[in-house]
Structure formats: structure tokens, C-alpha cells
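K.L.:
Attaching a single structure in C-alpha cells format; questions to follow.
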Amino acid sequence: MSKTSVLIVGAGPAGLAAAITLKAEQPDAEVCVIDKAAEPGNHNLSGATFQAECLSTLLGAVDRNWEKSEQAKDVLAHKVTKDNVMFLAGDKFAFNIAFSLKLAKRLRINFAQMSHQGNYIVSVSKLTKWLTQIAKKAGVEVIHGFAAEDIIYDTTKNIATGIKLVDQGLDKQGGKPPNYVAGEIVNADVIILAEGCDGLVTEKFIQKAGLVRKANQLYSIGVKEIIKVSDEQFKKFTAERVVHAMGYPLWTPVLGPAMFGGGVMHPVSQNHIDVGMIVGLDWKGCDFSPQDALTNFKNHKFVKKFIDGGTVVEAGAKMIPEGGFYALPRNPQTFAIGKSNVLILGDAAGFVNMLKMKGLHNAIKSGIAAGQAIARCTNNLNAVSSKYTELLNMSGVMEEMKQSSRFRQNVAKLGPLFGIPLSVFGQKFPLFNVEKDYFALTRRKYKYKPAKSYDKNTFTALAETAHREEQPSHLTIINRNICAQKCTPKFNSPCITFCPAGVYETIGEQVKPANPSNCLHCKTCQRKCPFDNICWTAPEGGGGPRYKNM
Amino acid sequence: MAHASAGFAERITDLKMSDYIVLIKQVPDITQITDNAFNLETGTLIRSRLESVINELDTHALAVANRMNQLSGGAGKIIALSMGPPMAEEVLRYCLARCADSAVLLTDHSLGGADTCATANPLAFAIRKIAKEILSGSNDYYIVSGMQSVDGDTAQVPAQIAEELNVPCVAYITDAEYKNGRFEFVKIISGGNQIVSVKSAPAVITVAKYEYPLFATFAKHRQAEKFKLIQWGANDINATHIGINGSRTRVISVFPPGKTTRKCRHIADAEELAKEIIENFGKSQQRDEKSSDGSYILPAARTNPFDRNFEGTKKESEDYKILAGILEKLGVKKLSEITEEIKEQILSSAGEHFHKNALEDMINGFKVKDPSYQGAVWVVAENDEEKIHPSTFELVGKARSLADSLETRVGVVIAGKNIHPLCKELIAAGTDDVYVVEDSLLEVFDPATYKKAISEVIAKHQPQIVLYAATPRGRILAPMVAYRLGCGLTADCTGLDIKDSSRKQQAAILMQTRPALGGNVMATISTKDSQCQMATARPGVMKRLPPDTTRKGRIIKEQVQISQSDLSLDIIKTEKGTGKVNFSAEVVVSGGKGMQSRDNYEMLVSHLAEALSQRLNTFVEKGASRAAVEQGFAERIHQVGQTGTSIGPKLYIALGISGAIQHMIGVANSDIIVAINSDPNAPIFKHCDYYMTGTVEEIVPRLAESLAKSANQPLQALQV
């Protein structure tokens, strides 16, 4: 059996920040980070505009000259100078409403946080790869290709003792061929859950340890393509512009705003622009697919001029936890985000600031807090989670989360058209009780459904997703009768439409996760199935997408 | 109790404590190859443009080594050995994270740029050092490696290591068992399987496929990350042939393969497909084959002393053409007329084309009149159960045209028991001299006895060229013979031409062209520092001559001492597939993994074969991909592809076959290829003439029906 002092599940920005911080404070600490991706950064995707100040705290602790390294220059190559906040009306007209943010700033309204001026445009995949190198150099064991399946939690002592890894080598039927390897249990004194959005082990831990979310966690899905464009197009776009767009194609003029979210654009590298679409999972249209909205966005006159004729070179999808402050899982007694020797970080906890539309800086700050908490509690590891939460309060993360606390709930309740402006008075509203996203689905149809269906095969090919084919499906339909008797007649099996990877298909009469090896690990299906009838578990380590510049 | 412990002691003595040295290669990930990954000027791979991965078959080899160790008690050591740049340590850590106890990285600048001989040689020296220093002088060890690497595709290195170490070599195994205190290996042979064991250890084992590659365990992975690799340089092993200098071949040029001439047409409807098949069957398909016209003329026989139209590379041919043009303009007729002044004039009119040093080389090239090699052009025959393999006749056809260019004779060396009656057929196919080695010990193929017989005859008669078929047998025999005789060898050639390399002072040498990196590029290679130029040629590519029974030739008996002690293998069982298979059929229908089950395979393949046979009025044979054979859908004898049988029917239909490169190589000579596959991204769709996307269960019955329905349409080709 393996044993380590600190075990971190998930080698993303949050988990690596925790590892690096702890190593900087205690060079002798035994820190091990595991990740289900085959290579560093493969499962990390984001916009992302990044408030990079936290990097000085994190990296300054290990290397005073961190800013001068080649990778630092590469990762932080693009600073935002052009902040386009667009309102799109139909597929032709676009209005820049960035001025209203400037005005809001002057009036000291929270809303102003939406401005991205001075932030960096980064690829989280590249950032993660870089942080992995730094962590390894600092003596952290970062081990890729191993997926975590469960947490070993002692309910009598209220502590966790280890993590169970996913079995390897099972055949399709779950049989054990000669090369089968049972998932090992890795024991640890402290466990950090930094799995990202809707973490498998995190959610199991929340159940086992009795953590509570005051409000339901709400999600969005982001789908994104990196497009290689011409010299002229890139010159026009510049390496310093970010675009956030509201309105078309998510808002419908007659019925009013239908869906929360919008389109985004960022420069990626020379002649490469990413175009993404983020949509709240509480959409109503049963025939809606975020990729259809992306297609419409790409065809909007404002967007098209930058990307027309370009080639898509990389693609991917991920969920974003948007419930904010009240959706943070907490120990009901101590309010700790975690319990005794277990901490929950980053997107796994849900540290996304919805006013800023950013979570990366908070993920890293939560990692720093976790690393410091462990360093300060070496004699009483069961107090780590309380210390961690205390440090989070001091670090400004909680302050930010509080300021944006009711934003997403307001929007969910009042709709984007009223919800967003009214969030000016955000804190004045009561906390609306918003149901989980999957309740929202209706038989309504998406108004701008494109004539041609989105090419999901190419999308998954460009995400370079792959799994060993001969393993049991990691996606399960819990009750097949529900699909056949309720969902298909009522909603026409929406999972087939909305899964960005085309995992679901009707085979014979039955809806099945027919292509589990296409899965991008976004987990939208398990949060959007209108009957809460899909369960995502982790497949064998090393599978999934292989993002490089996402 | 006493009884029990005695039993335990017995078991202990029963156990073998063999150790294992597993050869691991880091290769570029050719599945991700991009158009710009190759520098076409220098012919080198730009490695930074491709990710590096472990050669997949080497992962199978590692699993086989682990299995052998487990079967025999698990007490042996497994050592991973790799030669490569420092970054190759990644693939060694892959092994350590699974089952390897230790790992050795052989890395040195001077080892770079090596051909198979200069790779096998230092590896063999490293193996000796491992045996001595890590395995404390033990002789009881196995060298296990993947059959071939995806980048080189030669399968030569393991056999050449066996030759350098003078140990047995068992090639193409798919499984190992441990019975009565020794290992039994299941190996692929043409049309069947063989179960063999080795007469002595150490021995080299090459793995063609093993179903159960190992997974890393977390605990081992952690150890692997911290493990301090043993690193050796060239000076540590004192190998005799290393790097570019130790190589016996050199790459002359690298160029992109000709665009596929297959139509790659997507057909939506079974009826339309049936129509296309009927309309095109038997028609000659327009393909621009690379013709090697045999029009080469020896320098001495050329009328113009400045005629250098037969250079190995396009660039040199062009330069010489320009030079000849300038010389004509200047009125120069003889080599002696080229003075320093003339050279100045040439340089000024040649402009950018070549500079001073190049011109000196080229002028010196004119002095080369005699061929660089002397002797006949030979073929090593492959004969099976008193029948000669078709590839031998193809090679004789090629040898004939090469020998005519060189104004020399064609020889064939044939070994076996009672093979004299076969010689006539060889003469009729174009052979001048048949060299026969007969011995009862040569009745079955053992690489050790055959390499001895063949290489002694070659050494005695010293031909200038020796060709082998790139069959499973040829691909193990050729590297051993070549290594033994110190000759360069190029694997799996698809083009063989006589050309000059005048600037390198060579004339009438064999230019050997072969696909590399999974068919993504073509490379032209020539032999150097060798007595004789050797190559294996891909079956089905060269054309045999129509037999001429009136041809005259000599049959020469050769005596080679073969004794029992020369045998390296115990052949326990040979399983030829049940029934007879006739792959010279005009139509072959093959099934792959996509058939899902043996029942499906039998039903659907037979169904379509019958419909085609009725409609096209010809014999239709059934084939299978390796995956289908491994899954037990079909017998090994039906296996089509590089490790099975290479075929060239008029019509090849692939059902549920994804189209791995090894499979496509084996059917490349087919006139028409039709593919049906449910995966729209199946690679076979890029190498076929017609394809339909969908499940075989769905399409095959419809296609068969459409074929039957069209029975009243006339067959176009038959009308002609």
C-alpha cells in the first residue's frame, strides 16, 4: 500500500499551487499530486482572463526571478488592453457596452468587476504545464495517468485516511483479464481535493462527511474552439483584445432573454484566436446544444470578420461552477470548506467570482491558503480545514465571493435581462432558492437552431480525446426505463443533442452512452439530464482529452 | 509436514530463474505526424515537431517478459535497455513503472545516425555488459523485444543482435507458456502458427503481438520517478560498429510518397457500390506506378563521356545535365580538355547551380567508369513444403532486369531437403544459375541452419546484389546473413534500381527505395562499406516474368556442413490453418474486428463471397485481418497483411477492417479496394477506391442483394 503525507487529487492550478506553497514553506514535506490526464495540462481548459497578481505570491516564494523565465513570458504573453463587452442584436449588429462598466467603476458599483482591463489572457492548459514543472522542480511528486475514484473516510473518527484509485485493465463487461490491476489505496495524512468542477471524489466526500451547500451548485458549460486565422485578421483582432458578448444567440427578442451566458473571444498565440460559448445549464430548450449557439456566434458579423476562412485547430468543453458563495460546501458546525484533514479547493469548491467571470485567481489563492494551512498545522492535522478556511477569509477570496454572492441566483430567478442590471443591488435581494439546473428543461425549442448540425466528430478529434476502448463504460444510465418511458417521449432524449462529444446515441430503441471513449470529462450530462438519470465516474487514468493550448 | 516441505523444495528446484533484458525504443508518434515533420532537404526527421512515445510493440514485449517471469516463478530480474537521446529515459521509466527492476540507457552522440547494424552492434555489447555486471555473469536470460519499431519498420535489429551474440532467435511470437521446465513460444508463420522452444539460452525473442500490455501501478510509478537510471556511453561498451561510421547503409534522399492513386470515393448506397464493382472489375486501374524501366547503361557503354543521366538523386541528375549542356556549348569533347580555365568558364555560366567544390566532385565523377561492385545478382529463394513461394519468382523477375543492366548473371540460392526438382521452375522464371544446398537438417526452417547454409554459399560466390522477400521468414534470415557477412541491408523495399552516385565516385550501385515512418515518407538508401548490396523486397510489388520453359540454366550443387548442433529451435508443433486457402484468387473478401463475432464473420463474409462469386463468375477467397484472427473469428491461415499473406487480387473487399498500415501494405497490390466500416474516420478510407460508412450487418446483405439483382447487366470487362 502506498502512503504519502499530503495527497492532492488533481494537478490543476489549485492543486499545484497548494503543493508549491507547502514545499516552499516546508521543503521536507512529502507532497504527492495525482491527475487522471495523460500529460500535464491535458484536462485543463478555460477562457481565460487571469488576474495574475496571485502568481507573485505563489511563485515568488520559490523563485525570486520567476517572471524572467521563458515559460513565464510565454504563458503571460498577452495583457488585455482592449476590453470589448458587446451586446449582439441579431446576427449582424453589435454594440460595445464597455463604457457602462467604466461608468460603474466610477460609481463604485460591484458590476464594475466585469472589466478585464490589465488582466492577462492565458491558456490554463499551458499555465498548468508550467506550474507542473515548477512543482516538480520544488520536489513535489506530480503523477499523471492515475484517476481517483473514492475517498476512504472514517465516519467514527471523522477523518479521511486515503484515496482509492480507479481499477485498470477491466474488460468491457467488467471481467478481469490477466493484466488487470486493482485500483490501489493511497494513504495520506492530509487530502486535498482539487479535482475541478463537479469533482467525483469531492461530491462523494461532501456526502460522506456531511458537508452542506446553502444553495444548490449551479453550472454553465463552455465550448471552445481555437481557430487559426490570417495575418490580417489577427492584426485586426490584436493580441491584447478580449471579447465578451451578451445577447444573440442566447437571448430571444420576443420572449426576452432565454439563457444566461454569452460568447467569448481571446487571442491564443500568433494568428490563433479562440472563440467560445458559455451557457448556463438552466437553459430551457430541449433541442438546444451549446455548440449550436457557438455556430451562431461564429456566424455573427462581428465575430465572422476575425475568423472567416480560418481553420479550427483545437477544441474542447468544460463546466463552470457558478453558484458562488452560498454554494460552497461547508462543514455545518465549523463552516470550514472541507472537514478535519480534508480540504476542497478551486473549482471543486466553486470559487468562481461571477461578477468578474473569473475563478482562476481564486483557485490559485485557495491553493496558497491550503499550502500555508498545512504548514501551520503540522502538529494538529485535523485542524487543517479550519485553518484553511480562516486563511481564505484573510486572503480576500471570501470577500470577493461575498460581493458576488447572489449574482447567479438573481439571474436564474429574474433572467439575464433584469438579473444582471439588478445585481447592482445584489446584496439587497433575499437569497433566492434556485432549483438544480436540470429542472429547468422544457419542451420549448431553441429559436436559432442552425440548419446544419454541428460536427461533433471533428470537435472530439480536435480535443484529441481517447480512452482505452476495452474498459467498462464510465457513463451509466441509471434507469433505462426513464429514458424510454419519460424522457424520449417528452424531450426527445436531449443528452444526444447537448453532449458536446456525441457520446449518446439511440441504438435500437435504447438511448445509450454508445461512445464513452469520446467523452471530454465535462460532466454536463450528469448535471443536465432532465431526470438526473446519468452518472459519470472516472475512467481509467490517462484517458480523456489532450488539451494543449486551451 | 515433512512431506509438504519436500514438495516445496522440489518446486523450487523445478523453477527456472531466468532473467530478462527487454529492448525498448522511443519513437516519434507517427499517428500524429504532420506534413512539416520532415526536412526534405536533409532527409532527417525534425523530432521536435513530433511527440515521442514508446514503441507500442515494445510495450507488448515488456508484458511478455513479465509473463515469462511470472510463469516461471517470478524470481527473475527484468532489465529495460534503450539506446537513444537522453530524453529516451521516459520510455525506460514507463518500464520501471510496470515491472522492470532496473533500466539502462545507452546514450552518446557518437551512437547517433546508425543503421540497423550499427544499432544492433552496440546493443549487443550493452547486453553482454548487463549480463556480466547486472546479472552476475548468468547465461540464463532472454532478450525480448517488439518485432519492429513504427519508425524504422525493419524488424532487423533483434535478429542482428542474435547474430552478434550468436544465440537463437525466435521471431514473431504472440504468446509464451511454461511447460516441463522450459518456455514454449507460439509464433506466427506464413499461413499458420508454430510452437517452438529454444535449444539454449540466452535467446532473442521478438513479439508480434501480445494482448495484455501492462498497466503502471501507483507504487511502482512513484519508484520509477525516483529511480536512478544506469547510463552508459559509447566508451563504456566498446562496441565495434557504431553511429554513421559503423553503418553499412546510407540514406541518399527522402521524399514524400506519391499521392495515393486510389479513388477514395464515398458511396452512400449499396446498389451503387454493386454497380461500381461490376463496372470496374477486371478493368485495368489507372495508377502511375513507379516504373523501373531497366534502361540503365553502364558508364563505359555510354556514347557521350559526360552522360550522367542515371544519378541516384534528382538534384545530382539535374546538375550533371546542366554541366553536360555547358560543356557542349564550350565545345569540350573529352575529360582531358577540362582545364582550370574551362572550370572558371563553367562556374561563371552555372551561376547558382553549383560551386567550386561541387564542380570538382562532379568532374572527378566523370572518371568513374567501372561499376563499383562485381558479381552476379542473386535471390534467396523461399521454399515451403517443396513449393517455391510466389515472392521468389517476383524477385527473380526484378533480378533479371537488374542483371541485364549490369551485364551480369542471375543466381538463386535455394536450401532445403529434396528440392532439386524445384530448380527448373526457377530457371524458367529467369534464373541463370541455381545454387542448391540440400540437407535433411534443412527440412524445416530454422534461422540458425539456414543462415549458415545461405551465407556460406554467398561468401563463396560473392554476388554483388542479394535480394530476399520481406516475408516473415525473409525478414529474419536476411538480417542475420547480412550481419554475418558484414553487409548493409535495406528492409522492405518497394523500388530497386541501378543508378550512379558519381560525385561519391560510385557507379552502377543499387538504389533501394522503401517507405518509412509508417508510409509517411519514402527513403532511397544505398549500401556502403560492404562486399555486397542486400535488400529485402516487399512481396507483391515486383513483377514476375512469364515462365519460359525453354530457358537454359545451370544447377550447381553446394556442400555446406550442417550438424545437429547447428539447430537453434525445437519445433514442437506446426499448425497450418485448417483447409486450404488460395490467395491467388481474383477476389478476396476479408473481415476484421468490426465483424464483432465469429458467427458474424462466417455468415457475412461467406454471404458476400458467394454473391460475388456468382456475379463475377470467379473464385472468391476469404481473408481476415490480424485483429480478427486474434479475436478467433478466423483461422490464422486466412490472415492477410504484413505478418500474414501479402496479396494482390483484382478486387479486395475489407469488411470492418480499420486499415492499420501493416494490413494495407499486405493488400496494396490489389486492383480495386472496397472498404465498409462503421467508423467514419477509419484509416482504410484513405487507402481504398470505394467505401461505405455503416455496420457490416447492415450493408453486406444489401450489397449481396444488389449484386444478385444486377445479374442481367452485362459485365463490362468481359465484353472487351
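To be explicit about the labels: the chains of the C-alpha cells are called A, B, and onward in the order shown, and within each one the residues are counted from 1, while ligands get numbers from 1 in the order they are shown.
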What are the nearest atom pairs, with distances in Å to one decimal, for all residues of chain B that come at most 7 Å from chain A, using only C-alpha atoms, set out by chain and rising residue number as a Markdown table?
P.N.:
```
| residue | atom | partner | partner_atom | distance |
| --- | --- | --- | --- | --- |
| B:Tyr212 | CA | A:Asn179 | CA | 5.6 |
| B:Pro213 | CA | A:Asn179 | CA | 6.7 |
| B:Leu214 | CA | A:Asn179 | CA | 5.7 |
| B:Phe215 | CA | A:Gln168 | CA | 6.8 |
| B:Ala219 | CA | A:Ser2 | CA | 5.9 |
```
K.L.:
So that I can check the surroundings of stretch 225-241 of chain B, please list as a ChimeraX atom specification every protein, DNA and RNA residue that reaches within 6 Å of it, counting only C-alpha atoms and ignoring chain neighbours fewer than 3 positions away.
P.N.:
/B:103-108,118,121-122,125-126,222,246
K.L.:
Please provide the set of residues having any atom within 8 Å of stretch 78-85 of chain A, restricted to only C-alpha atoms, with same-chain residues fewer than 3 positions apart removed, written as a short mmCIF file (atom, residue, chain, number, x, y, z; two decimals) with N, CA and C atoms, in the first residue's frame.
P.N.:
```
data_model
loop_
_atom_site.label_atom_id
_atom_site.label_comp_id
_atom_site.auth_asym_id
_atom_site.auth_seq_id
_atom_site.Cartn_x
_atom_site.Cartn_y
_atom_site.Cartn_z
N ASN A 96 -20.74 47.98 -28.43
CA ASN A 96 -19.79 47.84 -27.34
C ASN A 96 -20.33 48.57 -26.12
N ILE A 97 -20.56 47.84 -25.04
CA ILE A 97 -21.13 48.49 -23.85
C ILE A 97 -20.11 48.57 -22.72
N ALA A 98 -18.81 48.51 -23.11
CA ALA A 98 -17.76 48.57 -22.10
C ALA A 98 -17.82 49.88 -21.31
N SER A 115 -14.98 44.34 -15.71
CA SER A 115 -13.94 44.87 -16.58
C SER A 115 -12.68 43.99 -16.50
N HIS A 116 -12.03 43.78 -17.63
CA HIS A 116 -10.86 42.90 -17.68
C HIS A 116 -9.57 43.66 -17.92
N GLN A 117 -9.69 44.98 -17.95
CA GLN A 117 -8.52 45.80 -18.24
C GLN A 117 -7.35 45.43 -17.30
N GLY A 118 -6.17 45.22 -17.88
CA GLY A 118 -4.99 44.95 -17.05
C GLY A 118 -4.81 43.49 -16.69
N ASN A 119 -5.77 42.66 -17.01
CA ASN A 119 -5.60 41.24 -16.76
C ASN A 119 -4.81 40.58 -17.89
N TYR A 120 -4.43 39.34 -17.65
CA TYR A 120 -3.72 38.59 -18.69
C TYR A 120 -4.66 37.60 -19.35
N ILE A 121 -4.40 37.34 -20.61
CA ILE A 121 -5.14 36.31 -21.32
C ILE A 121 -4.25 35.07 -21.33
N VAL A 122 -4.69 34.01 -20.67
CA VAL A 122 -3.82 32.84 -20.58
C VAL A 122 -4.53 31.57 -21.05
N ALA A 239 -3.34 41.04 -30.28
CA ALA A 239 -3.00 40.03 -29.27
C ALA A 239 -3.44 40.48 -27.88
N GLU A 240 -4.19 41.59 -27.81
CA GLU A 240 -4.49 42.16 -26.50
C GLU A 240 -5.97 42.40 -26.26
N ARG A 241 -6.79 41.80 -27.10
CA ARG A 241 -8.23 42.07 -27.00
C ARG A 241 -8.96 40.87 -26.38
N VAL A 242 -9.90 41.18 -25.50
CA VAL A 242 -10.84 40.13 -25.12
C VAL A 242 -12.23 40.61 -25.50
N VAL A 243 -13.05 39.66 -25.91
CA VAL A 243 -14.43 39.97 -26.26
C VAL A 243 -15.34 39.14 -25.36
N HIS A 244 -16.28 39.82 -24.70
CA HIS A 244 -17.36 39.12 -24.01
C HIS A 244 -18.65 39.65 -24.63
N ALA A 245 -19.48 38.73 -25.08
CA ALA A 245 -20.68 39.17 -25.79
C ALA A 245 -21.94 38.65 -25.12
N MET A 246 -22.92 39.53 -25.01
CA MET A 246 -24.23 39.13 -24.49
C MET A 246 -25.24 39.26 -25.61
N PRO A 267 -7.20 36.15 -27.91
CA PRO A 267 -6.05 35.73 -28.72
C PRO A 267 -5.37 34.57 -27.99
#
```
K.L.:
Neighbours of stretch 134-136 of chain A within 10 Å (only C-alpha atoms; same-chain residues fewer than 4 positions away dropped), as a PyMOL selection string?
P.N.:
chain A and resi 11+16-21+23-24+31-33+59+62-63+66+128-130+140-143
K.L.:
What's the 8 Å shell around B:Leu426, counting only C-alpha atoms, without same-chain residues fewer than 4 positions away, as a PDB file with C-alpha atoms, in the first residue's frame?
P.N.:
```pdb
ATOM      1  CA  PHE B 393       9.607 -15.521 -58.708  1.00  0.00           C
ATOM      2  CA  VAL B 396      13.843 -13.286 -59.963  1.00  0.00           C
ATOM      3  CA  VAL B 412      19.245 -18.112 -56.961  1.00  0.00           C
ATOM      4  CA  LEU B 422      12.152 -27.124 -57.981  1.00  0.00           C
ATOM      5  CA  GLY B 430      14.645 -16.068 -65.462  1.00  0.00           C
ATOM      6  CA  THR B 431      17.475 -17.582 -63.404  1.00  0.00           C
ATOM      7  CA  VAL B 434      20.664 -22.138 -59.284  1.00  0.00           C
TER       8      VAL B 434
END
```
K.L.:
For the atom pair atom CA of B:Val53 and atom CA of B:Cys688, what is the interatomic distance in Å to one decimal place?
P.N.:
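Pair atom CA of B:Val53 / atom CA of B:Cys688 returns 28.7 Å.
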K.L.:
Check the smallest atom-to-atom distance from each of B:His355, B:Lys504, B:Arg473, B:Arg409 to B:Glu382 using only C-alpha atoms, then report the winner.
P.N.:
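Between B:His355, B:Lys504, B:Arg473, B:Arg409, the residue approaching B:Glu382 most closely is B:Arg473.
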K.L.:
Leaving out B:Gln374 and any residue of its chain fewer than 6 positions from it, which residues lie within 9 Å of it when counting only C-alpha atoms, given as a CSV table (one decimal) with C-alpha atoms, in the first residue's frame?
P.N.:
```csv
chain,number,residue,atom,x,y,z
B,408,THR,CA,25.8,-10.0,-65.4
B,462,GLN,CA,30.4,-13.2,-53.9
B,463,PRO,CA,27.4,-11.9,-55.8
B,464,GLN,CA,27.1,-8.1,-56.0
B,532,CYS,CA,27.6,-7.0,-51.4
```
K.L.:
What is the atom CA of A:Leu22 to atom CA of B:Arg93 distance in Å?
P.N.:
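Between atom CA of A:Leu22 and atom CA of B:Arg93 the gap is 26.8 Å.
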K.L.:
Neighbouring residues of A:Ala466 were defined as those with any atom within 6 Å, considering only C-alpha atoms; residues of the same chain fewer than 2 positions away were excluded. Please report them as a VMD selection string.
P.N.:
chain A and resid 517 543 to 544
K.L.:
Using atom CA of A:Leu294 and atom CA of A:Leu355 as the two end points, give the distance in Å to one decimal.
P.N.:
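Here the two named atoms are 22.3 Å from each other.
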K.L.:
Go through A:Leu381, A:Val124, A:Ile221, A:Cys487 one by one, measure the shortest atom-to-atom distance of each to A:Gly12 using only C-alpha atoms, and give the residue with the smallest value.
P.N.:
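Among the listed residues, the smallest separation from A:Gly12 belongs to A:Val124.
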K.L.:
Could you give me, as a PyMOL selection string, each residue of stretch 507-663 of chain B that DSSP assigns to helix (DSSP H, G or I) when run on this structure's backbone?
P.N.:
chain B and resi 564-566+593-595+598-616+626-630+636-638+661-663
